[in-house]
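So the structure is just underneath, and the comments pick up after that.
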Amino acid sequence: MSRFRLLAVDIDGTLVNSRDELTAATRVALRRAVESGIRVVLATGRRYARALPFVQPLELDVPVVTASGALIKDPLDHRTLFCAAFKPGVLEGLLPIVDRAGYEPILYGDTFAEGFDMYCRTTEVAQAELAEFYRKNRDCQRLWPTLVESPPPGIFSGFAMGTREQMLTLGAELERRYPDDLYIHVLRSPRYAGYMCEIAPAGVTKWSGIAHLARDWGIADAEICAVGDDVNDIPMIRAAGLGVAMGNAQEEVKQAADRIAPCHDDDGLTHVVDWLLQ
């Protein structure tokens with residue numbers, strides 16, 4: 001048996017290739033891992049509804065750590081296993097900052113059962129990056145006109161969109177104002193042209209979500225392998241017993257990793273499974 005008992009896998013740039021495809025080779029490799037006694041967890045920045053299409057083809061019992069650790073759900077029955085929360089007053093304080101900077105804040109709630117994923121003030125926006133996001137995510141929002149003044153209940157994370165420079169500036173301002181209360185990272189999904197400044201409660205990362213599941217299963221940090229390619233994967237890559245960066249990963253992700261796997265377009269995840277089973 002492998003000394004690793006949990007394999008945490010990012011979706012974009014790791015589980016799927018540059019064409020957003022889950023290949024047969026990757027599916028077979030993950031089934032091999034499970035058959036050997038390794039638990040597989042998907043850990044993604046995607047919202048829950050967008051992660052689900054990759055769970056069924058795996059034909060495995062795979063919990064999903066979504067929104068970069070802020071929401072964990074069991075796809076078998078859509079049960080919520082964990083949902084993050086902001087400290088009182090923090091969300092109400094940061095939303096006007098985002099608004100005054102000229103960006104529309106988008107907020108996530110645990111609302112899959114209600115048929116939508118996010119709250120926003122309006123979908124009629126001039127900003128090119130956010131307009132593209134709405135075009136590609138029709139009917140996924142619920143309008144909440146007083147979102148900034150009176151946000152909806154149950155919000156576990158959110159984001160704003162813009163250019164990389166704009167989002168880095170916004171993220172730095174939020175971190176300056178709330179140094180102990182927020183976890184901020186700026187990244188770009190391969191699905192969109194714009195960058196997201198993702199905002200979560202302090203301490204909420206993909207790693208915190210993985211560790212939550214691992215504790216329930218009696219799995220030690222040293223028995224976890226985490227694989228990813230983007231900046232929101234760095235906490236889990238650094239903390240896991242074996243942290244792996246994909247060959248297509250950003251340089252700072254590679255620097256945080258113990259090993260580098262081949263590119264996602266070369267079924268790099270299959271090599272990781274081979275390493276674990278050797």
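Chain lettering (A, B, ...) mirrors the order of the structure tokens, residue numbering begins at 1 for each chain separately, and ligand numbering begins at 1 in order of display.
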
For this session: Just the residues within 8 Å of A:Val272, please, counting only C-alpha atoms, with nothing from its chain fewer than 3 positions along; format it as a PyMOL selection string.
Result: chain A and resi 244+261+268-269+275-276

Let me see the file: selected residues, N, CA and C atoms, as a compact mmCIF listing (two decimals), in the first residue's frame.
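Now in out22.txt:
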```txt
# COMPACT_ATOMS: atom_id res chain seq x y z
N VAL A 244 2.84 18.68 -5.13
CA VAL A 244 3.22 18.52 -6.53
C VAL A 244 2.65 19.67 -7.35
N ALA A 261 5.28 17.60 -11.83
CA ALA A 261 4.71 16.58 -12.72
C ALA A 261 4.71 17.10 -14.14
N GLY A 268 -0.39 14.68 -16.88
CA GLY A 268 0.56 14.73 -15.78
C GLY A 268 0.07 14.08 -14.51
N LEU A 269 -1.24 14.12 -14.26
CA LEU A 269 -1.78 13.53 -13.03
C LEU A 269 -1.58 12.01 -12.99
N TRP A 275 3.68 7.70 -9.05
CA TRP A 275 4.63 7.95 -7.96
C TRP A 275 4.08 7.45 -6.63
N LEU A 276 2.79 7.71 -6.39
CA LEU A 276 2.20 7.32 -5.10
C LEU A 276 2.11 5.81 -4.94
```

For this session: Might you pull out every residue within 9 Å of A:Ala172, with only C-alpha atoms counted and same-chain residues fewer than 5 positions away left off, and present them as an MDAnalysis selection string?
Result: chainID A and resid 167 177 184

Store the residues picked out above, limited to C-alpha atoms, as a PDB file, in the first residue's frame.
```pdb
ATOM      1  CA  MET A 167      -7.227  43.243  -8.813  1.00  0.00           C
ATOM      2  CA  ARG A 177      -7.759  47.325   5.906  1.00  0.00           C
ATOM      3  CA  ILE A 184      -7.073  37.249  -0.571  1.00  0.00           C
TER       4      ILE A 184
END
```

Exercise. Within 8 Å of A:Ile234, counting only C-alpha atoms, which residues qualify if same-chain residues fewer than 6 places away don't, as a list of chain:residue names?
Worked result: A:Gly228, A:Val253, A:Ala256

Exercise. Neighbours of A:Leu42 within 8 Å (only C-alpha atoms; same-chain residues fewer than 2 positions away dropped), as a list in words?
Worked result: Ala8, Val9, Asp10, Ile11, Val40, Thr44, Val62, Pro63, Val64 and Val65 of chain A

For this session: Show which residues sit within 12 Å of A:Glu175, as a PyMOL selection string. Count only C-alpha atoms, and ignore same-chain residues fewer than 4 positions away.
Result: chain A and resi 90+94+97+168-171+179-185+197-202

Exercise. If you run DSSP on this backbone, which residues of stretch 20-244 of chain A come out as alpha helix (DSSP H), and could you give them as a PyMOL selection string?
Worked result: chain A and resi 24-35+48-51+90-100+128-135+164-177+206-217+234-239

Exercise. What is the atom CA of A:Pro105 to atom CA of A:Phe159 distance in Å?
Worked result: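 One can read the atom CA of A:Pro105 to atom CA of A:Phe159 distance as 5.9 Å.
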
For this session: Find, counting only C-alpha atoms, the residue in A:Gly45, A:Pro53, A:Pro262, A:Gly109 that gets nearest to A:Asp12.
Result: A:Gly45

For this session: Extract, using only C-alpha atoms, all DNA, RNA and protein residues at most 6 Å from stretch 74-85 of chain A, discarding same-chain residues fewer than 3 positions from it, and format them as a list in words.
Result: Pro63, Ala70, Leu71 and Phe156 of chain A

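By only C-alpha atoms, and with residues fewer than 2 positions from A:Ala249 along its chain excluded, the set lying at most 6 Å from it is Asp229, Met246 and Gly247 of chain A.
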
Proximity of stretch 160-251 of chain A to stretch 15-22 of chain A: per-residue shortest pair, 10 Å limit, only C-alpha atoms, as a tab-separated table:
```
residue	atom	partner	partner_atom	distance
A:Pro190	CA	A:Ser18	CA	8.1
A:Arg191	CA	A:Asp20	CA	9.0
A:Val227	CA	A:Leu15	CA	9.1
A:Gly228	CA	A:Leu15	CA	8.7
A:Asn248	CA	A:Ser18	CA	9.7
```

For this session: Using DSSP on the backbone, list every residue of stretch 47-151 of chain A that comes out as strand (DSSP E or B), and give them as a ChimeraX atom specification.
Result: /A:64-66,71-74,79-83,106-109,118-120,141-143

Would you mind exporting N, CA and C atoms of the selected residues as an mmCIF file, in the first residue's frame?
```cif
data_model
loop_
_atom_site.group_PDB
_atom_site.id
_atom_site.type_symbol
_atom_site.label_atom_id
_atom_site.label_comp_id
_atom_site.auth_asym_id
_atom_site.auth_seq_id
_atom_site.Cartn_x
_atom_site.Cartn_y
_atom_site.Cartn_z
ATOM 1 N N VAL A 64 -15.938 17.322 -2.597
ATOM 2 C CA VAL A 64 -15.440 18.452 -3.372
ATOM 3 C C VAL A 64 -15.230 19.657 -2.457
ATOM 4 N N VAL A 65 -13.973 20.092 -2.381
ATOM 5 C CA VAL A 65 -13.625 21.330 -1.691
ATOM 6 C C VAL A 65 -13.721 22.435 -2.732
ATOM 7 N N THR A 66 -14.712 23.308 -2.613
ATOM 8 C CA THR A 66 -14.974 24.316 -3.632
ATOM 9 C C THR A 66 -14.660 25.718 -3.110
ATOM 10 N N LEU A 71 -16.272 26.163 0.854
ATOM 11 C CA LEU A 71 -17.464 25.315 0.891
ATOM 12 C C LEU A 71 -17.070 23.894 0.501
ATOM 13 N N ILE A 72 -17.417 22.922 1.346
ATOM 14 C CA ILE A 72 -17.157 21.516 1.060
ATOM 15 C C ILE A 72 -18.495 20.792 0.989
ATOM 16 N N LYS A 73 -18.692 20.036 -0.097
ATOM 17 C CA LYS A 73 -19.954 19.320 -0.257
ATOM 18 C C LYS A 73 -19.712 17.882 -0.699
ATOM 19 N N ASP A 74 -20.691 17.037 -0.397
ATOM 20 C CA ASP A 74 -20.677 15.639 -0.818
ATOM 21 C C ASP A 74 -21.569 15.513 -2.044
ATOM 22 N N ARG A 79 -24.914 17.173 0.249
ATOM 23 C CA ARG A 79 -24.865 17.580 1.653
ATOM 24 C C ARG A 79 -23.661 18.498 1.879
ATOM 25 N N THR A 80 -23.864 19.539 2.683
ATOM 26 C CA THR A 80 -22.788 20.456 3.027
ATOM 27 C C THR A 80 -21.985 19.894 4.190
ATOM 28 N N LEU A 81 -20.675 19.756 3.990
ATOM 29 C CA LEU A 81 -19.790 19.233 5.020
ATOM 30 C C LEU A 81 -19.085 20.352 5.785
ATOM 31 N N PHE A 82 -18.957 21.507 5.150
ATOM 32 C CA PHE A 82 -18.357 22.675 5.795
ATOM 33 C C PHE A 82 -18.733 23.909 5.000
ATOM 34 N N CYS A 83 -19.015 25.009 5.708
ATOM 35 C CA CYS A 83 -19.283 26.290 5.061
ATOM 36 C C CYS A 83 -18.629 27.383 5.898
ATOM 37 N N ILE A 106 -19.306 40.271 -6.204
ATOM 38 C CA ILE A 106 -20.130 39.082 -6.411
ATOM 39 C C ILE A 106 -19.954 38.196 -5.185
ATOM 40 N N LEU A 107 -21.051 37.724 -4.612
ATOM 41 C CA LEU A 107 -20.999 36.982 -3.361
ATOM 42 C C LEU A 107 -21.545 35.568 -3.538
ATOM 43 N N TYR A 108 -20.870 34.609 -2.872
ATOM 44 C CA TYR A 108 -21.289 33.211 -2.920
ATOM 45 C C TYR A 108 -21.993 32.815 -1.632
ATOM 46 N N GLY A 109 -23.090 32.063 -1.802
ATOM 47 C CA GLY A 109 -23.774 31.452 -0.677
ATOM 48 C C GLY A 109 -23.978 29.969 -0.963
ATOM 49 N N MET A 118 -24.789 32.506 -6.959
ATOM 50 C CA MET A 118 -24.179 33.743 -6.468
ATOM 51 C C MET A 118 -25.185 34.880 -6.415
ATOM 52 N N TYR A 119 -24.825 35.892 -5.639
ATOM 53 C CA TYR A 119 -25.622 37.106 -5.540
ATOM 54 C C TYR A 119 -24.873 38.265 -6.204
ATOM 55 N N CYS A 120 -25.624 39.147 -6.852
ATOM 56 C CA CYS A 120 -25.025 40.356 -7.422
ATOM 57 C C CYS A 120 -26.069 41.473 -7.416
ATOM 58 N N GLN A 141 -27.256 33.675 -11.232
ATOM 59 C CA GLN A 141 -27.221 34.708 -10.203
ATOM 60 C C GLN A 141 -28.621 34.986 -9.649
ATOM 61 N N ARG A 142 -28.634 35.510 -8.449
ATOM 62 C CA ARG A 142 -29.848 36.093 -7.887
ATOM 63 C C ARG A 142 -29.552 37.558 -7.603
ATOM 64 N N LEU A 143 -30.417 38.426 -8.118
ATOM 65 C CA LEU A 143 -30.208 39.857 -7.904
ATOM 66 C C LEU A 143 -30.518 40.234 -6.463
#
```

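Interatomic distance, atom CA of A:Asp117 to atom CA of A:Ala51: 12.0 Å.
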
What are the closest atom pairs, with distances in Å to one decimal, for all residues of stretch 193-258 of chain A lying within 10 Å of stretch 121-136 of chain A? Consider only C-alpha atoms, order rows by chain and residue number, and present the result as CSV.
```
residue,atom,partner,partner_atom,distance
A:Ala193,CA,A:Glu129,CA,6.4
A:Gly194,CA,A:Glu129,CA,4.8
A:Tyr195,CA,A:Glu129,CA,7.8
A:Met196,CA,A:Glu129,CA,9.3
```

Serialized selection, N, CA and C atoms, as a PDB file, in the first residue's frame:
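Written file, out12.pdb:
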```pdb
ATOM      1  N   ALA A 193     -11.203  36.101 -19.561  1.00  0.00           N
ATOM      2  CA  ALA A 193     -10.090  36.996 -19.890  1.00  0.00           C
ATOM      3  C   ALA A 193      -9.635  37.781 -18.670  1.00  0.00           C
ATOM      4  N   GLY A 194     -10.571  38.134 -17.791  1.00  0.00           N
ATOM      5  CA  GLY A 194     -10.257  38.954 -16.636  1.00  0.00           C
ATOM      6  C   GLY A 194      -9.703  38.164 -15.468  1.00  0.00           C
ATOM      7  N   TYR A 195      -9.152  38.911 -14.504  1.00  0.00           N
ATOM      8  CA  TYR A 195      -8.634  38.321 -13.270  1.00  0.00           C
ATOM      9  C   TYR A 195      -9.653  38.502 -12.153  1.00  0.00           C
ATOM     10  N   MET A 196      -9.635  37.578 -11.211  1.00  0.00           N
ATOM     11  CA  MET A 196     -10.514  37.646 -10.051  1.00  0.00           C
ATOM     12  C   MET A 196      -9.698  37.965  -8.809  1.00  0.00           C
TER      13      MET A 196
END
```
